[in-house]
Amino acid sequence: MQLLDIERQPDVTAADGVGLPVSGAARRVFVETYGCQMNVSDTELMMGVLKEAGFRRALRVEDADVVLLNTCAIRERAEERVVGRLSQLSSVKRMRPDLVLGVSGCMAKHLAEKLLNQLPYVDLVVGPDSYRRLPELIGEAAGNPALDVRLDRHEDYLDLDPVRQEGTNAWITIMRGCDKFCTFCIVPYVRGRERSVPAGDLLRQVRIAAAEGFREVTLLGQTVNSYHDGETDFADLLKMVAHVEGIRRIRFTSPHPSDFSDKLIDTMAEESKVCRFIHLPVQSGSDRVLKAMERIYSSGRYLDLVDRLRSALPGLCLSTDVIVGFPGEEDSDFESTMALMRHVRYDSAFMFKYSPRKGTVAFREIPDTVPEAEKTRRLQTVIAQQTKISGEINRGYVGHLQEVLVEGDARRGKGQAVGKSDGFKTVVFPKNGVRTNTFVDIRITGATSHTLIGRQEH
Ligand code: 5AD
Ligand code: SF4
């Protein structure tokens, strides 16, 4: 899945009990979300389940009866952060032994035994297919540690209504799991087999989001464009969502390059509500490495797809994911990745050092040959190149007008607002009374490799 920007690698994306009413009487829950947008969406789902069961949200750990960390397992670093946070939270639990401390999501599935056996302060371990049982498991955890990490190939949570986080974008999970089994990736093991939510239920969710005031939806799935509910494929679904009144922008993440059909490209070209931005993970520019990763495409086929996308969708912005230091990656393979990235000139990229994940084919069968220092060197090299390219591309926007969906106050710079362009660029501009969740035209006056800067055009 796509992460949020190249500097901020996987991070805490939500840090409270999103959306639930705050109250003193009922049990109160506080959730921290780690990792990708799928987890943000799952947190909203968990909040829906807990709300139905009478739970309320806590705004701080100190006020919570239940603290849940909704976790990521994609790289070792993501898991280390959670272990560190759990150890911090164990001191809160020492003061308040009644506090229920839980771990949900991918790491819960990946390291269930370790969590329960080695971290005695963890009361609850809930895998991605067991959120329906959360209230029950929280009840059980009050006595003994509770565990449910079974995978359920049919669970799609379609009858549950998420409690959406405030903001300008509604996340709609359209498919869960993954059948691709890239050799480096833990996702198919922790999230199970691919399954799609029926289109009718998704349209209902999109209509509700529109009625709640959301103008933008992002369709989510591990391989979002493999969506198929038996009748409707991903291109059909995009068309249906585009016809929902009130929705002005449609995004999706993350597509797999080998499932990008001509029909999908044509549909994107026909539907102007579908944003001109695609996160298209390439992982490597070396055919030898792509083969060892079992990515199913060659660099040539990927580049051909990029060409077809760019000619059908003028002004298209592209981002990608890249892994450096995959086992057996030689200097020449790394150079091929650098060359591919220079050729495509992505608007932005998420770049990672390979992290061996127990349970995957690469972990079992391919020795991790690239020394850590070399992985670091390659990562720094590829980030430096991408930062330069992103800066050059962004400076090309100076003088141009961008339609921006206003997200709120900018983190830095007093009196500044921030929003996103159609091409998913972060745009910062003087606030001057603009309201969140409205569209404004911004004349771009400056740019860095991460941000466009501008002022409102009246
Ligand atoms: N090591 C490093 N990066 C990984 N990713 C997935 N698994 C690993 C791993 N074992 C990256 C891929 C994927 C993104 C979400 O995380 O680039 O597209
Ligand atoms: Fe992981 Fe590959 Fe599936 Fe993406 S497509 S979730 S990288 S196995």
# chains A, B, ... in the order shown; residues from 1 in each chain; ligands from 1
>>> closest_atom_pairs(of="chain A", to="ligand 2", cutoff="8 Å", atoms="only C-alpha atoms and all ligand atoms", output="JSON lines")
{"residue": "A:Met1", "atom": "CA", "partner": "ligand 2", "partner_atom_place_in_ligand_line": "4 (Fe)", "distance": 6.8}
{"residue": "A:Gly177", "atom": "CA", "partner": "ligand 2", "partner_atom_place_in_ligand_line": "6 (S)", "distance": 7.6}
{"residue": "A:Cys178", "atom": "CA", "partner": "ligand 2", "partner_atom_place_in_ligand_line": "3 (Fe)", "distance": 4.8}
{"residue": "A:Asp179", "atom": "CA", "partner": "ligand 2", "partner_atom_place_in_ligand_line": "3 (Fe)", "distance": 6.4}
{"residue": "A:Lys180", "atom": "CA", "partner": "ligand 2", "partner_atom_place_in_ligand_line": "8 (S)", "distance": 4.8}
{"residue": "A:Phe181", "atom": "CA", "partner": "ligand 2", "partner_atom_place_in_ligand_line": "8 (S)", "distance": 4.1}
{"residue": "A:Cys182", "atom": "CA", "partner": "ligand 2", "partner_atom_place_in_ligand_line": "8 (S)", "distance": 4.2}
{"residue": "A:Thr183", "atom": "CA", "partner": "ligand 2", "partner_atom_place_in_ligand_line": "8 (S)", "distance": 7.2}
{"residue": "A:Phe184", "atom": "CA", "partner": "ligand 2", "partner_atom_place_in_ligand_line": "7 (S)", "distance": 7.4}
{"residue": "A:Cys185", "atom": "CA", "partner": "ligand 2", "partner_atom_place_in_ligand_line": "1 (Fe)", "distance": 4.5}
{"residue": "A:Ile186", "atom": "CA", "partner": "ligand 2", "partner_atom_place_in_ligand_line": "1 (Fe)", "distance": 6.5}
{"residue": "A:Val187", "atom": "CA", "partner": "ligand 2", "partner_atom_place_in_ligand_line": "1 (Fe)", "distance": 5.1}
{"residue": "A:Pro188", "atom": "CA", "partner": "ligand 2", "partner_atom_place_in_ligand_line": "8 (S)", "distance": 5.7}
{"residue": "A:Gln222", "atom": "CA", "partner": "ligand 2", "partner_atom_place_in_ligand_line": "6 (S)", "distance": 4.9}
{"residue": "A:Thr223", "atom": "CA", "partner": "ligand 2", "partner_atom_place_in_ligand_line": "5 (S)", "distance": 5.7}
{"residue": "A:Ser254", "atom": "CA", "partner": "ligand 2", "partner_atom_place_in_ligand_line": "4 (Fe)", "distance": 7.8}
{"residue": "A:His256", "atom": "CA", "partner": "ligand 2", "partner_atom_place_in_ligand_line": "5 (S)", "distance": 6.2}
{"residue": "A:Arg295", "atom": "CA", "partner": "ligand 2", "partner_atom_place_in_ligand_line": "2 (Fe)", "distance": 7.0}
>>> residues_near_ligand(ligand="ligand 1", cutoff="10 Å", atoms="only C-alpha atoms and all ligand atoms", output="JSON, numbers by chain")
{"A": [1, 2, 3, 9, 10, 35, 36, 73, 74, 75, 76, 77, 182, 183, 184, 185, 186, 187, 222, 254, 255, 256, 279, 280, 281, 282, 283, 284, 320, 321, 322, 323, 324, 325, 326, 349, 350, 351, 352, 353, 354, 355, 356, 357, 358, 360, 362, 363]}
>>> write_last_selection(atoms="C-alpha atoms", output="PDB file, in the first residue's frame")
ATOM      1  CA  MET A   1       0.000   0.000   0.000  1.00  0.00           C
ATOM      2  CA  GLN A   2       0.995   3.526  -0.526  1.00  0.00           C
ATOM      3  CA  LEU A   3       2.466   5.491   2.347  1.00  0.00           C
ATOM      4  CA  GLN A   9       8.243   6.573   5.997  1.00  0.00           C
ATOM      5  CA  PRO A  10       5.569   4.421   7.743  1.00  0.00           C
ATOM      6  CA  GLY A  35       1.264   1.680   8.657  1.00  0.00           C
ATOM      7  CA  CYS A  36      -0.802   2.092   5.521  1.00  0.00           C
ATOM      8  CA  ALA A  73       4.256  -5.929   9.767  1.00  0.00           C
ATOM      9  CA  ILE A  74       5.632  -4.932   6.403  1.00  0.00           C
ATOM     10  CA  ARG A  75       9.166  -4.248   7.660  1.00  0.00           C
ATOM     11  CA  GLU A  76      10.984  -5.146  10.844  1.00  0.00           C
ATOM     12  CA  ARG A  77      11.281  -1.485  11.807  1.00  0.00           C
ATOM     13  CA  CYS A 182       5.658 -11.363  -4.028  1.00  0.00           C
ATOM     14  CA  THR A 183       8.565 -13.216  -2.460  1.00  0.00           C
ATOM     15  CA  PHE A 184       9.552 -10.363  -0.083  1.00  0.00           C
ATOM     16  CA  CYS A 185       6.084  -9.592   1.235  1.00  0.00           C
ATOM     17  CA  ILE A 186       4.343 -10.710   4.406  1.00  0.00           C
ATOM     18  CA  VAL A 187       0.918  -9.317   3.448  1.00  0.00           C
ATOM     19  CA  GLN A 222      -3.756  -4.484  -1.507  1.00  0.00           C
ATOM     20  CA  SER A 254      -2.493   0.457  -4.698  1.00  0.00           C
ATOM     21  CA  PRO A 255      -2.844  -1.035  -8.172  1.00  0.00           C
ATOM     22  CA  HIS A 256      -0.645  -3.903  -9.332  1.00  0.00           C
ATOM     23  CA  HIS A 279       0.719   5.084  -7.260  1.00  0.00           C
ATOM     24  CA  LEU A 280       2.253   2.309  -9.347  1.00  0.00           C
ATOM     25  CA  PRO A 281       4.732   0.223  -7.323  1.00  0.00           C
ATOM     26  CA  VAL A 282       7.660  -0.943  -9.465  1.00  0.00           C
ATOM     27  CA  GLN A 283       9.906  -2.358  -6.664  1.00  0.00           C
ATOM     28  CA  SER A 284      12.958  -2.732  -8.953  1.00  0.00           C
ATOM     29  CA  THR A 320       6.024   4.344  -6.836  1.00  0.00           C
ATOM     30  CA  ASP A 321       7.519   1.985  -4.257  1.00  0.00           C
ATOM     31  CA  VAL A 322      11.090   0.794  -4.583  1.00  0.00           C
ATOM     32  CA  ILE A 323      13.026  -1.769  -2.552  1.00  0.00           C
ATOM     33  CA  VAL A 324      16.830  -1.623  -2.531  1.00  0.00           C
ATOM     34  CA  GLY A 325      19.099  -4.418  -1.327  1.00  0.00           C
ATOM     35  CA  PHE A 326      16.808  -7.313  -2.217  1.00  0.00           C
ATOM     36  CA  ALA A 349       8.549   7.649  -4.463  1.00  0.00           C
ATOM     37  CA  PHE A 350       8.623   5.561  -1.300  1.00  0.00           C
ATOM     38  CA  MET A 351      11.990   3.915  -1.060  1.00  0.00           C
ATOM     39  CA  PHE A 352      12.847   1.106   1.321  1.00  0.00           C
ATOM     40  CA  LYS A 353      15.716  -1.113   2.321  1.00  0.00           C
ATOM     41  CA  TYR A 354      14.811  -4.765   1.967  1.00  0.00           C
ATOM     42  CA  SER A 355      13.720  -6.150   5.317  1.00  0.00           C
ATOM     43  CA  PRO A 356      13.672  -9.967   5.643  1.00  0.00           C
ATOM     44  CA  ARG A 357      10.239 -11.133   6.806  1.00  0.00           C
ATOM     45  CA  LYS A 358       9.960 -14.523   8.444  1.00  0.00           C
ATOM     46  CA  THR A 360       8.092 -15.271   3.132  1.00  0.00           C
ATOM     47  CA  ALA A 362      12.653 -14.731   0.081  1.00  0.00           C
ATOM     48  CA  PHE A 363      13.329 -15.232   3.797  1.00  0.00           C
TER      49      PHE A 363
END
>>> select_by_dssp(residues="stretch 262-369 of chain A", states="alpha helix (DSSP H)", output="ChimeraX atom specification")
/A:262-270,287-293,299-312,331-344,361-365
>>> write_last_selection(atoms="C-alpha atoms", output="PDB file, in the first residue's frame")
ATOM      1  CA  ASP A 262      -6.736  -1.234 -21.243  1.00  0.00           C
ATOM      2  CA  LYS A 263     -10.380  -1.070 -20.146  1.00  0.00           C
ATOM      3  CA  LEU A 264      -9.261   0.509 -16.867  1.00  0.00           C
ATOM      4  CA  ILE A 265      -7.076   3.051 -18.672  1.00  0.00           C
ATOM      5  CA  ASP A 266      -9.980   3.947 -20.997  1.00  0.00           C
ATOM      6  CA  THR A 267     -12.338   4.308 -18.033  1.00  0.00           C
ATOM      7  CA  MET A 268      -9.914   6.620 -16.261  1.00  0.00           C
ATOM      8  CA  ALA A 269      -9.643   8.709 -19.419  1.00  0.00           C
ATOM      9  CA  GLU A 270     -13.456   8.950 -19.714  1.00  0.00           C
ATOM     10  CA  ASP A 287      14.442  -7.888 -14.662  1.00  0.00           C
ATOM     11  CA  ARG A 288      16.545 -10.401 -12.752  1.00  0.00           C
ATOM     12  CA  VAL A 289      15.398  -8.948  -9.414  1.00  0.00           C
ATOM     13  CA  LEU A 290      11.786  -8.548 -10.561  1.00  0.00           C
ATOM     14  CA  LYS A 291      11.826 -12.239 -11.430  1.00  0.00           C
ATOM     15  CA  ALA A 292      13.245 -13.202  -8.025  1.00  0.00           C
ATOM     16  CA  MET A 293      10.581 -11.016  -6.426  1.00  0.00           C
ATOM     17  CA  SER A 299      10.756  -3.579 -16.638  1.00  0.00           C
ATOM     18  CA  GLY A 300       9.846  -3.369 -20.346  1.00  0.00           C
ATOM     19  CA  ARG A 301       6.198  -4.229 -19.722  1.00  0.00           C
ATOM     20  CA  TYR A 302       6.052  -1.792 -16.823  1.00  0.00           C
ATOM     21  CA  LEU A 303       7.486   1.010 -18.970  1.00  0.00           C
ATOM     22  CA  ASP A 304       5.054   0.187 -21.745  1.00  0.00           C
ATOM     23  CA  LEU A 305       2.208   0.561 -19.228  1.00  0.00           C
ATOM     24  CA  VAL A 306       3.586   3.930 -18.124  1.00  0.00           C
ATOM     25  CA  ASP A 307       3.639   5.053 -21.778  1.00  0.00           C
ATOM     26  CA  ARG A 308       0.046   3.941 -22.348  1.00  0.00           C
ATOM     27  CA  LEU A 309      -1.091   5.659 -19.156  1.00  0.00           C
ATOM     28  CA  ARG A 310       0.667   8.901 -20.020  1.00  0.00           C
ATOM     29  CA  SER A 311      -0.718   9.069 -23.523  1.00  0.00           C
ATOM     30  CA  ALA A 312      -4.280   8.356 -22.341  1.00  0.00           C
ATOM     31  CA  ASP A 331      25.360  -2.998  -8.283  1.00  0.00           C
ATOM     32  CA  SER A 332      24.209  -3.387 -11.885  1.00  0.00           C
ATOM     33  CA  ASP A 333      20.659  -4.305 -10.732  1.00  0.00           C
ATOM     34  CA  PHE A 334      20.584  -1.251  -8.516  1.00  0.00           C
ATOM     35  CA  GLU A 335      21.785   0.859 -11.447  1.00  0.00           C
ATOM     36  CA  SER A 336      18.851  -0.483 -13.488  1.00  0.00           C
ATOM     37  CA  THR A 337      16.479   0.751 -10.771  1.00  0.00           C
ATOM     38  CA  MET A 338      18.149   4.159 -10.790  1.00  0.00           C
ATOM     39  CA  ALA A 339      17.916   4.273 -14.602  1.00  0.00           C
ATOM     40  CA  LEU A 340      14.243   3.259 -14.647  1.00  0.00           C
ATOM     41  CA  MET A 341      13.437   5.987 -12.139  1.00  0.00           C
ATOM     42  CA  ARG A 342      15.291   8.580 -14.230  1.00  0.00           C
ATOM     43  CA  HIS A 343      13.393   7.390 -17.272  1.00  0.00           C
ATOM     44  CA  VAL A 344       9.926   7.486 -15.679  1.00  0.00           C
ATOM     45  CA  VAL A 361       9.736 -17.174   0.257  1.00  0.00           C
ATOM     46  CA  ALA A 362      12.653 -14.731   0.081  1.00  0.00           C
ATOM     47  CA  PHE A 363      13.329 -15.232   3.797  1.00  0.00           C
ATOM     48  CA  ARG A 364      13.294 -19.012   3.443  1.00  0.00           C
ATOM     49  CA  GLU A 365      15.033 -19.473   0.133  1.00  0.00           C
TER      50      GLU A 365
END
>>> residues_around(residues="A:Thr445", least_positions_apart="3", cutoff="7 Å", atoms="only C-alpha atoms", output="list in words")
Val398, Gly399, Ile453 and Gly454 of chain A
>>> closest_residue(among="A:Arg215, A:His228, A:Lys388, A:Arg204", to="A:Ile247", atoms="only C-alpha atoms")
A:Arg215
>>> residues_around(residues="A:Leu45", least_positions_apart="2", cutoff="9 Å", atoms="only C-alpha atoms", output="PyMOL selection string")
chain A and resi 40-43+47-50+131+157+160-164
>>> write_last_selection(atoms="C-alpha atoms", output="mmCIF file, in the first residue's frame")
data_model
loop_
_atom_site.group_PDB
_atom_site.id
_atom_site.type_symbol
_atom_site.label_atom_id
_atom_site.label_comp_id
_atom_site.auth_asym_id
_atom_site.auth_seq_id
_atom_site.Cartn_x
_atom_site.Cartn_y
_atom_site.Cartn_z
ATOM 1 C CA VAL A 40 -6.561 3.673 8.889
ATOM 2 C CA SER A 41 -9.650 2.206 7.250
ATOM 3 C CA ASP A 42 -9.571 -0.847 9.560
ATOM 4 C CA THR A 43 -9.362 1.426 12.610
ATOM 5 C CA MET A 47 -14.515 1.927 15.902
ATOM 6 C CA GLY A 48 -17.794 1.044 14.174
ATOM 7 C CA VAL A 49 -17.848 -2.364 15.879
ATOM 8 C CA LEU A 50 -16.972 -0.888 19.265
ATOM 9 C CA TYR A 131 -12.506 -7.318 14.340
ATOM 10 C CA TYR A 157 -17.053 -6.750 6.938
ATOM 11 C CA LEU A 160 -20.460 -3.044 9.219
ATOM 12 C CA ASP A 161 -20.473 0.733 9.021
ATOM 13 C CA PRO A 162 -17.169 2.390 9.829
ATOM 14 C CA VAL A 163 -16.978 5.455 12.050
ATOM 15 C CA ARG A 164 -15.082 7.740 9.717
#
